[in-house]
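A.B. asks: For reference, the file query-v7.txt (compact mmCIF, N, CA, C and O atoms) is included below:
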# COMPACT_ATOMS: atom_id res chain seq x y z
N MET H 1 44.25 72.54 27.49
CA MET H 1 42.93 71.95 27.55
C MET H 1 43.03 70.50 28.01
O MET H 1 43.91 69.76 27.58
N SER H 2 42.14 70.09 28.89
CA SER H 2 42.22 68.73 29.42
C SER H 2 41.62 67.72 28.45
O SER H 2 40.77 68.03 27.62
N GLU H 3 42.09 66.50 28.57
CA GLU H 3 41.62 65.42 27.73
C GLU H 3 40.23 64.96 28.20
O GLU H 3 39.95 64.97 29.40
N HIS H 4 39.38 64.59 27.26
CA HIS H 4 38.04 64.10 27.62
C HIS H 4 38.15 62.74 28.29
O HIS H 4 38.90 61.88 27.85
N THR H 5 37.36 62.54 29.32
CA THR H 5 37.34 61.25 30.00
C THR H 5 36.40 60.31 29.27
O THR H 5 35.60 60.72 28.43
N ASN H 6 36.49 59.05 29.63
CA ASN H 6 35.60 58.04 29.06
C ASN H 6 34.14 58.41 29.31
O ASN H 6 33.30 58.32 28.42
N SER H 7 33.85 58.89 30.52
CA SER H 7 32.49 59.28 30.87
C SER H 7 32.01 60.46 30.02
O SER H 7 30.85 60.49 29.58
N ASP H 8 32.89 61.42 29.75
CA ASP H 8 32.54 62.56 28.89
C ASP H 8 32.19 62.09 27.49
O ASP H 8 31.22 62.55 26.89
N ARG H 9 33.00 61.19 26.96
CA ARG H 9 32.76 60.67 25.61
C ARG H 9 31.44 59.90 25.55
O ARG H 9 30.69 60.01 24.58
N LEU H 10 31.17 59.10 26.58
CA LEU H 10 29.91 58.36 26.63
C LEU H 10 28.73 59.33 26.66
O LEU H 10 27.75 59.15 25.95
N PHE H 11 28.84 60.38 27.48
CA PHE H 11 27.78 61.37 27.59
C PHE H 11 27.50 62.04 26.25
O PHE H 11 26.35 62.16 25.82
N LYS H 12 28.55 62.46 25.56
CA LYS H 12 28.37 63.11 24.25
C LYS H 12 27.75 62.17 23.23
O LYS H 12 26.91 62.58 22.42
N PHE H 13 28.14 60.90 23.27
CA PHE H 13 27.57 59.94 22.33
C PHE H 13 26.10 59.69 22.64
O PHE H 13 25.27 59.59 21.73
N ILE H 14 25.75 59.62 23.91
CA ILE H 14 24.36 59.44 24.32
C ILE H 14 23.51 60.63 23.85
O ILE H 14 22.41 60.45 23.33
N LEU H 15 24.03 61.84 24.02
CA LEU H 15 23.30 63.02 23.54
C LEU H 15 23.08 62.97 22.03
O LEU H 15 21.99 63.31 21.53
N LYS H 16 24.10 62.54 21.30
CA LYS H 16 23.97 62.39 19.85
C LYS H 16 22.89 61.38 19.51
O LYS H 16 22.07 61.61 18.60
N CYS H 17 22.85 60.28 20.22
CA CYS H 17 21.82 59.26 19.99
C CYS H 17 20.43 59.80 20.31
O CYS H 17 19.47 59.49 19.61
N GLN H 18 20.31 60.59 21.36
CA GLN H 18 19.01 61.17 21.71
C GLN H 18 18.52 62.10 20.61
O GLN H 18 17.33 62.15 20.33
N ARG H 19 19.42 62.85 19.99
CA ARG H 19 19.01 63.72 18.87
C ARG H 19 18.51 62.90 17.68
O ARG H 19 17.74 63.39 16.87
N ASN H 20 18.95 61.65 17.58
CA ASN H 20 18.55 60.76 16.49
C ASN H 20 17.47 59.78 16.91
O ASN H 20 17.30 58.73 16.28
N GLN H 21 16.70 60.12 17.94
CA GLN H 21 15.72 59.18 18.49
C GLN H 21 14.68 58.71 17.49
O GLN H 21 14.13 57.62 17.63
N ASP H 22 14.41 59.48 16.45
CA ASP H 22 13.40 59.10 15.47
C ASP H 22 13.99 58.42 14.24
O ASP H 22 13.27 58.11 13.29
N LYS H 23 15.29 58.18 14.25
CA LYS H 23 15.95 57.55 13.11
C LYS H 23 16.32 56.11 13.46
O LYS H 23 17.03 55.88 14.44
N PRO H 24 15.85 55.16 12.68
CA PRO H 24 16.16 53.75 12.97
C PRO H 24 17.67 53.51 13.02
O PRO H 24 18.43 54.08 12.25
N ASP H 25 18.07 52.70 13.94
CA ASP H 25 19.46 52.27 14.10
C ASP H 25 20.43 53.38 14.52
O ASP H 25 21.62 53.12 14.64
N LEU H 26 19.98 54.59 14.75
CA LEU H 26 20.88 55.66 15.17
C LEU H 26 20.61 56.13 16.60
O LEU H 26 21.25 57.05 17.09
N HIS H 27 19.64 55.50 17.27
CA HIS H 27 19.30 55.91 18.62
C HIS H 27 19.69 54.87 19.66
O HIS H 27 19.40 55.02 20.84
N SER H 28 20.37 53.82 19.23
CA SER H 28 20.76 52.78 20.18
C SER H 28 22.13 52.22 19.80
O SER H 28 22.59 52.40 18.68
N PHE H 29 22.75 51.55 20.77
CA PHE H 29 24.06 50.95 20.52
C PHE H 29 24.35 49.87 21.56
O PHE H 29 23.70 49.78 22.59
N TRP H 30 25.33 49.03 21.23
CA TRP H 30 25.86 48.02 22.14
C TRP H 30 27.23 48.49 22.60
O TRP H 30 27.95 49.15 21.85
N ILE H 31 27.58 48.14 23.83
CA ILE H 31 28.89 48.51 24.36
C ILE H 31 29.35 47.42 25.32
O ILE H 31 28.53 46.80 26.00
N ASN H 32 30.66 47.17 25.34
CA ASN H 32 31.22 46.19 26.27
C ASN H 32 31.31 46.81 27.66
O ASN H 32 31.69 47.97 27.81
N ILE H 33 30.94 46.00 28.67
CA ILE H 33 31.07 46.40 30.07
C ILE H 33 31.88 45.31 30.76
O ILE H 33 32.11 44.24 30.19
N SER H 34 32.30 45.56 31.98
CA SER H 34 33.06 44.55 32.72
C SER H 34 32.22 43.29 32.88
O SER H 34 31.12 43.34 33.43
N GLY H 35 32.71 42.20 32.33
CA GLY H 35 32.03 40.92 32.48
C GLY H 35 30.85 40.71 31.55
O GLY H 35 30.09 39.77 31.74
N GLY H 36 30.66 41.57 30.56
CA GLY H 36 29.53 41.37 29.66
C GLY H 36 29.35 42.48 28.65
O GLY H 36 30.30 43.14 28.25
N ARG H 37 28.08 42.69 28.27
CA ARG H 37 27.74 43.72 27.27
C ARG H 37 26.48 44.44 27.73
O ARG H 37 25.72 43.93 28.55
N ALA H 38 26.26 45.62 27.17
CA ALA H 38 25.05 46.39 27.49
C ALA H 38 24.45 46.92 26.20
O ALA H 38 25.16 47.32 25.28
N TYR H 39 23.12 46.92 26.16
CA TYR H 39 22.36 47.52 25.07
C TYR H 39 21.84 48.85 25.60
O TYR H 39 21.23 48.90 26.67
N VAL H 40 22.07 49.93 24.87
CA VAL H 40 21.68 51.26 25.30
C VAL H 40 20.71 51.84 24.27
O VAL H 40 21.04 51.93 23.09
N ASP H 41 19.52 52.23 24.73
CA ASP H 41 18.50 52.82 23.86
C ASP H 41 18.24 54.24 24.36
O ASP H 41 17.79 54.44 25.49
N CYS H 42 18.55 55.23 23.52
CA CYS H 42 18.43 56.64 23.89
C CYS H 42 17.08 57.17 23.44
O CYS H 42 16.78 57.17 22.25
N ARG H 43 16.29 57.61 24.39
CA ARG H 43 14.97 58.16 24.11
C ARG H 43 15.02 59.66 24.38
O ARG H 43 16.02 60.19 24.85
N SER H 44 13.94 60.37 24.10
CA SER H 44 13.96 61.83 24.18
C SER H 44 14.40 62.37 25.55
O SER H 44 15.21 63.28 25.62
N HIS H 45 13.88 61.83 26.62
CA HIS H 45 14.19 62.37 27.95
C HIS H 45 14.75 61.32 28.90
O HIS H 45 14.86 61.58 30.10
N GLU H 46 15.08 60.14 28.38
CA GLU H 46 15.61 59.09 29.23
C GLU H 46 16.48 58.15 28.41
O GLU H 46 16.43 58.15 27.18
N VAL H 47 17.28 57.40 29.13
CA VAL H 47 18.15 56.41 28.49
C VAL H 47 17.87 55.06 29.17
O VAL H 47 17.87 54.97 30.40
N TYR H 48 17.61 54.06 28.35
CA TYR H 48 17.34 52.70 28.83
C TYR H 48 18.58 51.86 28.61
O TYR H 48 19.13 51.84 27.52
N ILE H 49 19.03 51.18 29.65
CA ILE H 49 20.20 50.31 29.55
C ILE H 49 19.79 48.91 29.99
O ILE H 49 19.21 48.73 31.06
N GLU H 50 20.12 47.93 29.15
CA GLU H 50 19.89 46.53 29.47
C GLU H 50 21.26 45.87 29.53
O GLU H 50 21.99 45.86 28.53
N MET H 51 21.62 45.34 30.70
CA MET H 51 22.95 44.78 30.91
C MET H 51 22.89 43.26 30.93
O MET H 51 22.01 42.68 31.56
N TYR H 52 23.83 42.66 30.23
CA TYR H 52 23.96 41.21 30.19
C TYR H 52 25.34 40.85 30.74
O TYR H 52 26.35 41.19 30.16
N ILE H 53 25.35 40.18 31.88
CA ILE H 53 26.60 39.79 32.52
C ILE H 53 26.83 38.31 32.25
O ILE H 53 25.94 37.48 32.49
N ALA H 54 28.01 37.98 31.74
CA ALA H 54 28.34 36.60 31.39
C ALA H 54 28.59 35.78 32.65
O ALA H 54 29.63 35.91 33.28
N THR H 55 27.62 35.01 33.02
CA THR H 55 27.73 34.04 34.12
C THR H 55 27.22 32.72 33.55
O THR H 55 26.70 32.70 32.44
N PRO H 56 27.34 31.63 34.28
CA PRO H 56 26.84 30.36 33.73
C PRO H 56 25.38 30.45 33.26
O PRO H 56 25.00 29.83 32.27
N GLU H 57 24.55 31.24 33.92
CA GLU H 57 23.15 31.38 33.49
C GLU H 57 22.84 32.76 32.92
O GLU H 57 21.69 33.13 32.76
N GLU H 58 23.81 33.54 32.59
CA GLU H 58 23.73 34.91 32.06
C GLU H 58 22.72 35.77 32.83
O GLU H 58 21.52 35.61 32.72
N LYS H 59 23.24 36.68 33.58
CA LYS H 59 22.42 37.59 34.39
C LYS H 59 22.04 38.81 33.55
O LYS H 59 22.87 39.40 32.88
N LYS H 60 20.77 39.18 33.61
CA LYS H 60 20.27 40.34 32.86
C LYS H 60 19.63 41.31 33.85
O LYS H 60 18.89 40.91 34.75
N SER H 61 19.94 42.61 33.68
CA SER H 61 19.28 43.62 34.50
C SER H 61 19.01 44.85 33.65
O SER H 61 19.62 45.04 32.60
N GLN H 62 18.08 45.68 34.11
CA GLN H 62 17.66 46.85 33.34
C GLN H 62 17.76 48.09 34.22
O GLN H 62 17.64 48.01 35.44
N TRP H 63 17.94 49.22 33.55
CA TRP H 63 18.10 50.49 34.26
C TRP H 63 17.61 51.60 33.34
O TRP H 63 17.79 51.56 32.13
N ILE H 64 16.97 52.64 33.91
CA ILE H 64 16.51 53.81 33.15
C ILE H 64 16.89 55.06 33.93
O ILE H 64 16.73 55.12 35.16
N GLY H 65 17.38 56.09 33.20
CA GLY H 65 17.73 57.34 33.85
C GLY H 65 18.03 58.42 32.83
O GLY H 65 17.82 58.25 31.63
N THR H 66 18.54 59.54 33.30
CA THR H 66 18.88 60.66 32.43
C THR H 66 20.18 60.37 31.67
O THR H 66 20.89 59.41 31.99
N ALA H 67 20.50 61.22 30.71
CA ALA H 67 21.73 61.05 29.92
C ALA H 67 22.97 61.13 30.82
O ALA H 67 23.90 60.32 30.67
N VAL H 68 23.00 62.06 31.74
CA VAL H 68 24.14 62.21 32.64
C VAL H 68 24.27 60.97 33.52
O VAL H 68 25.36 60.40 33.65
N ALA H 69 23.16 60.53 34.10
CA ALA H 69 23.19 59.35 34.96
C ALA H 69 23.58 58.11 34.17
O ALA H 69 24.28 57.24 34.68
N ALA H 70 23.12 58.01 32.92
CA ALA H 70 23.44 56.85 32.08
C ALA H 70 24.94 56.80 31.78
O ALA H 70 25.55 55.73 31.83
N ALA H 71 25.54 57.94 31.46
CA ALA H 71 26.98 57.98 31.21
C ALA H 71 27.75 57.55 32.45
O ALA H 71 28.71 56.77 32.36
N ASN H 72 27.32 58.03 33.61
CA ASN H 72 27.97 57.64 34.87
C ASN H 72 27.77 56.16 35.16
O ASN H 72 28.69 55.47 35.60
N LYS H 73 26.55 55.66 34.92
CA LYS H 73 26.24 54.24 35.15
C LYS H 73 27.13 53.36 34.27
O LYS H 73 27.71 52.38 34.74
N LEU H 74 27.23 53.71 32.99
CA LEU H 74 28.07 52.93 32.08
C LEU H 74 29.53 52.97 32.50
O LEU H 74 30.23 51.96 32.45
N ASP H 75 29.99 54.13 32.93
CA ASP H 75 31.37 54.26 33.39
C ASP H 75 31.62 53.38 34.61
O ASP H 75 32.64 52.69 34.70
N ILE H 76 30.68 53.37 35.54
CA ILE H 76 30.79 52.53 36.74
C ILE H 76 30.80 51.05 36.36
O ILE H 76 31.49 50.25 36.98
N LEU H 77 30.03 50.69 35.32
CA LEU H 77 29.98 49.30 34.85
C LEU H 77 31.23 48.90 34.08
O LEU H 77 31.36 47.76 33.65
N GLY H 78 32.14 49.84 33.88
CA GLY H 78 33.38 49.54 33.18
C GLY H 78 33.26 49.61 31.67
O GLY H 78 34.06 49.01 30.95
N ALA H 79 32.26 50.34 31.17
CA ALA H 79 32.07 50.48 29.73
C ALA H 79 33.23 51.26 29.13
O ALA H 79 33.70 52.23 29.70
N ASP H 80 33.67 50.81 27.97
CA ASP H 80 34.77 51.48 27.26
C ASP H 80 34.20 52.11 26.00
O ASP H 80 33.68 51.40 25.13
N TYR H 81 34.29 53.42 25.89
CA TYR H 81 33.76 54.16 24.76
C TYR H 81 34.20 53.57 23.43
O TYR H 81 33.45 53.54 22.46
N ARG H 82 35.43 53.07 23.37
CA ARG H 82 35.99 52.55 22.11
C ARG H 82 35.30 51.27 21.63
O ARG H 82 35.52 50.85 20.51
N THR H 83 34.46 50.65 22.48
CA THR H 83 33.81 49.39 22.10
C THR H 83 32.37 49.59 21.61
O THR H 83 31.66 48.61 21.43
N ILE H 84 31.95 50.82 21.40
CA ILE H 84 30.58 51.08 20.95
C ILE H 84 30.36 50.46 19.56
O ILE H 84 31.18 50.62 18.67
N GLU H 85 29.24 49.75 19.44
CA GLU H 85 28.81 49.17 18.16
C GLU H 85 27.40 49.63 17.87
O GLU H 85 26.49 49.43 18.66
N ILE H 86 27.22 50.27 16.73
CA ILE H 86 25.89 50.77 16.36
C ILE H 86 25.15 49.71 15.60
O ILE H 86 25.65 48.95 14.86
Transcribe the structure of this file into structure tokens.

C.D. replies:
Amino acid sequence: MSEHTNSDRLFKFILKCQRNQDKPDLHSFWINISGGRAYVDCRSHEVYIEMYIATPEEKKSQWIGTAVAAANKLDILGADYRTIEI
């Protein structure tokens, strides 16, 4: 059996958060990305990601998509599953 990739783990965690969408503090998390951090809010049919990149004036951007796309987006941003903070 093959080992799960970082993207697979992110996807499974996002799905778990979506199942907990009505429970406070269990539907969102913070995660480290390359050069900053991201806040991830899992909703019933979409995932909202707010990215903060550490620059002299701190760059902020937002993104919304499906669970699969969100896992891929986080992976592309260099998110490490092991850095998830609830």

A.B. asks: Find, counting only C-alpha atoms, the residue in H:Val68, H:Thr55, H:Tyr48, H:Arg43 that gets nearest to H:Leu26.

C.D. replies: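 Among the listed residues, H:Arg43 lies closest to H:Leu26.
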
A.B. asks: Measuring between only C-alpha atoms, which one of H:Ala69, H:Ala54, H:Cys42, H:Ile76 shows the shortest distance to H:Asp22?

C.D. replies: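 Using only C-alpha atoms, the shortest distance to H:Asp22 belongs to H:Cys42.
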
A.B. asks: Among chain H, which residues does DSSP mark as strand (DSSP E or B) when it is run on the backbone? Keep the chain and numbering as in the structure and answer as a PyMOL selection string.

C.D. replies: chain H and resi 28-33+36-42+47-53+59-65+85

A.B. asks: Mind giving me the straight-line distance from atom CA of H:Ile84 to atom O of H:Met51 in Å, one decimal?

C.D. replies: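 Those two atoms sit 16.0 Å apart.
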
A.B. asks: Ranking H:His4, H:Gln18, H:Lys12, H:Ser34 by minimum distance to H:Asp75 and counting all atoms listed in the file, which one comes first?

C.D. replies: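 Using all atoms listed in the file, H:Asp75 sits closest to H:Ser34.
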
A.B. asks: Go through stretch 5-68 of chain H and collect every residue that DSSP, computed from the backbone, puts in alpha helix (DSSP H); the answer should be as a PDB file with N, CA, C and O atoms, keeping the file's coordinate frame.

C.D. replies:
ATOM      1  N   ASN H   6      36.490  59.050  29.630  1.00  0.00           N
ATOM      2  CA  ASN H   6      35.600  58.040  29.060  1.00  0.00           C
ATOM      3  C   ASN H   6      34.140  58.410  29.310  1.00  0.00           C
ATOM      4  O   ASN H   6      33.300  58.320  28.420  1.00  0.00           O
ATOM      5  N   SER H   7      33.850  58.890  30.520  1.00  0.00           N
ATOM      6  CA  SER H   7      32.490  59.280  30.870  1.00  0.00           C
ATOM      7  C   SER H   7      32.010  60.460  30.020  1.00  0.00           C
ATOM      8  O   SER H   7      30.850  60.490  29.580  1.00  0.00           O
ATOM      9  N   ASP H   8      32.890  61.420  29.750  1.00  0.00           N
ATOM     10  CA  ASP H   8      32.540  62.560  28.890  1.00  0.00           C
ATOM     11  C   ASP H   8      32.190  62.090  27.490  1.00  0.00           C
ATOM     12  O   ASP H   8      31.220  62.550  26.890  1.00  0.00           O
ATOM     13  N   ARG H   9      33.000  61.190  26.960  1.00  0.00           N
ATOM     14  CA  ARG H   9      32.760  60.670  25.610  1.00  0.00           C
ATOM     15  C   ARG H   9      31.440  59.900  25.550  1.00  0.00           C
ATOM     16  O   ARG H   9      30.690  60.010  24.580  1.00  0.00           O
ATOM     17  N   LEU H  10      31.170  59.100  26.580  1.00  0.00           N
ATOM     18  CA  LEU H  10      29.910  58.360  26.630  1.00  0.00           C
ATOM     19  C   LEU H  10      28.730  59.330  26.660  1.00  0.00           C
ATOM     20  O   LEU H  10      27.750  59.150  25.950  1.00  0.00           O
ATOM     21  N   PHE H  11      28.840  60.380  27.480  1.00  0.00           N
ATOM     22  CA  PHE H  11      27.780  61.370  27.590  1.00  0.00           C
ATOM     23  C   PHE H  11      27.500  62.040  26.250  1.00  0.00           C
ATOM     24  O   PHE H  11      26.350  62.160  25.820  1.00  0.00           O
ATOM     25  N   LYS H  12      28.550  62.460  25.560  1.00  0.00           N
ATOM     26  CA  LYS H  12      28.370  63.110  24.250  1.00  0.00           C
ATOM     27  C   LYS H  12      27.750  62.170  23.230  1.00  0.00           C
ATOM     28  O   LYS H  12      26.910  62.580  22.420  1.00  0.00           O
ATOM     29  N   PHE H  13      28.140  60.900  23.270  1.00  0.00           N
ATOM     30  CA  PHE H  13      27.570  59.940  22.330  1.00  0.00           C
ATOM     31  C   PHE H  13      26.100  59.690  22.640  1.00  0.00           C
ATOM     32  O   PHE H  13      25.270  59.590  21.730  1.00  0.00           O
ATOM     33  N   ILE H  14      25.750  59.620  23.910  1.00  0.00           N
ATOM     34  CA  ILE H  14      24.360  59.440  24.320  1.00  0.00           C
ATOM     35  C   ILE H  14      23.510  60.630  23.850  1.00  0.00           C
ATOM     36  O   ILE H  14      22.410  60.450  23.330  1.00  0.00           O
ATOM     37  N   LEU H  15      24.030  61.840  24.020  1.00  0.00           N
ATOM     38  CA  LEU H  15      23.300  63.020  23.540  1.00  0.00           C
ATOM     39  C   LEU H  15      23.080  62.970  22.030  1.00  0.00           C
ATOM     40  O   LEU H  15      21.990  63.310  21.530  1.00  0.00           O
ATOM     41  N   LYS H  16      24.100  62.540  21.300  1.00  0.00           N
ATOM     42  CA  LYS H  16      23.970  62.390  19.850  1.00  0.00           C
ATOM     43  C   LYS H  16      22.890  61.380  19.510  1.00  0.00           C
ATOM     44  O   LYS H  16      22.070  61.610  18.600  1.00  0.00           O
ATOM     45  N   CYS H  17      22.850  60.280  20.220  1.00  0.00           N
ATOM     46  CA  CYS H  17      21.820  59.260  19.990  1.00  0.00           C
ATOM     47  C   CYS H  17      20.430  59.800  20.310  1.00  0.00           C
ATOM     48  O   CYS H  17      19.470  59.490  19.610  1.00  0.00           O
ATOM     49  N   GLN H  18      20.310  60.590  21.360  1.00  0.00           N
ATOM     50  CA  GLN H  18      19.010  61.170  21.710  1.00  0.00           C
ATOM     51  C   GLN H  18      18.520  62.100  20.610  1.00  0.00           C
ATOM     52  O   GLN H  18      17.330  62.150  20.330  1.00  0.00           O
ATOM     53  N   ARG H  19      19.420  62.850  19.990  1.00  0.00           N
ATOM     54  CA  ARG H  19      19.010  63.720  18.870  1.00  0.00           C
ATOM     55  C   ARG H  19      18.510  62.900  17.680  1.00  0.00           C
ATOM     56  O   ARG H  19      17.740  63.390  16.870  1.00  0.00           O
ATOM     57  N   ALA H  67      20.500  61.220  30.710  1.00  0.00           N
ATOM     58  CA  ALA H  67      21.730  61.050  29.920  1.00  0.00           C
ATOM     59  C   ALA H  67      22.970  61.130  30.820  1.00  0.00           C
ATOM     60  O   ALA H  67      23.900  60.320  30.670  1.00  0.00           O
ATOM     61  N   VAL H  68      23.000  62.060  31.740  1.00  0.00           N
ATOM     62  CA  VAL H  68      24.140  62.210  32.640  1.00  0.00           C
ATOM     63  C   VAL H  68      24.270  60.970  33.520  1.00  0.00           C
ATOM     64  O   VAL H  68      25.360  60.400  33.650  1.00  0.00           O
TER      65      VAL H  68
END

A.B. asks: Neighbouring residues of H:Tyr81 were defined as those with any atom within 7 Å, considering only N, CA, C and O atoms; residues of the same chain fewer than 5 positions away were excluded. Please report them as number ranges by chain.

C.D. replies: H: 6, 9-10, 32

A.B. asks: Could you state the separation of atom CA of H:Lys16 and atom N of H:Ala67 in Å, given to one decimal place?

C.D. replies: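 Atom N of H:Ala67 lies at a distance of 11.5 Å from atom CA of H:Lys16.
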
A.B. asks: Suppose you want the space between atom CA of H:Phe13 and atom CA of H:Ile33; what is it in Å?

C.D. replies: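 These atoms are spaced 16.0 Å apart.
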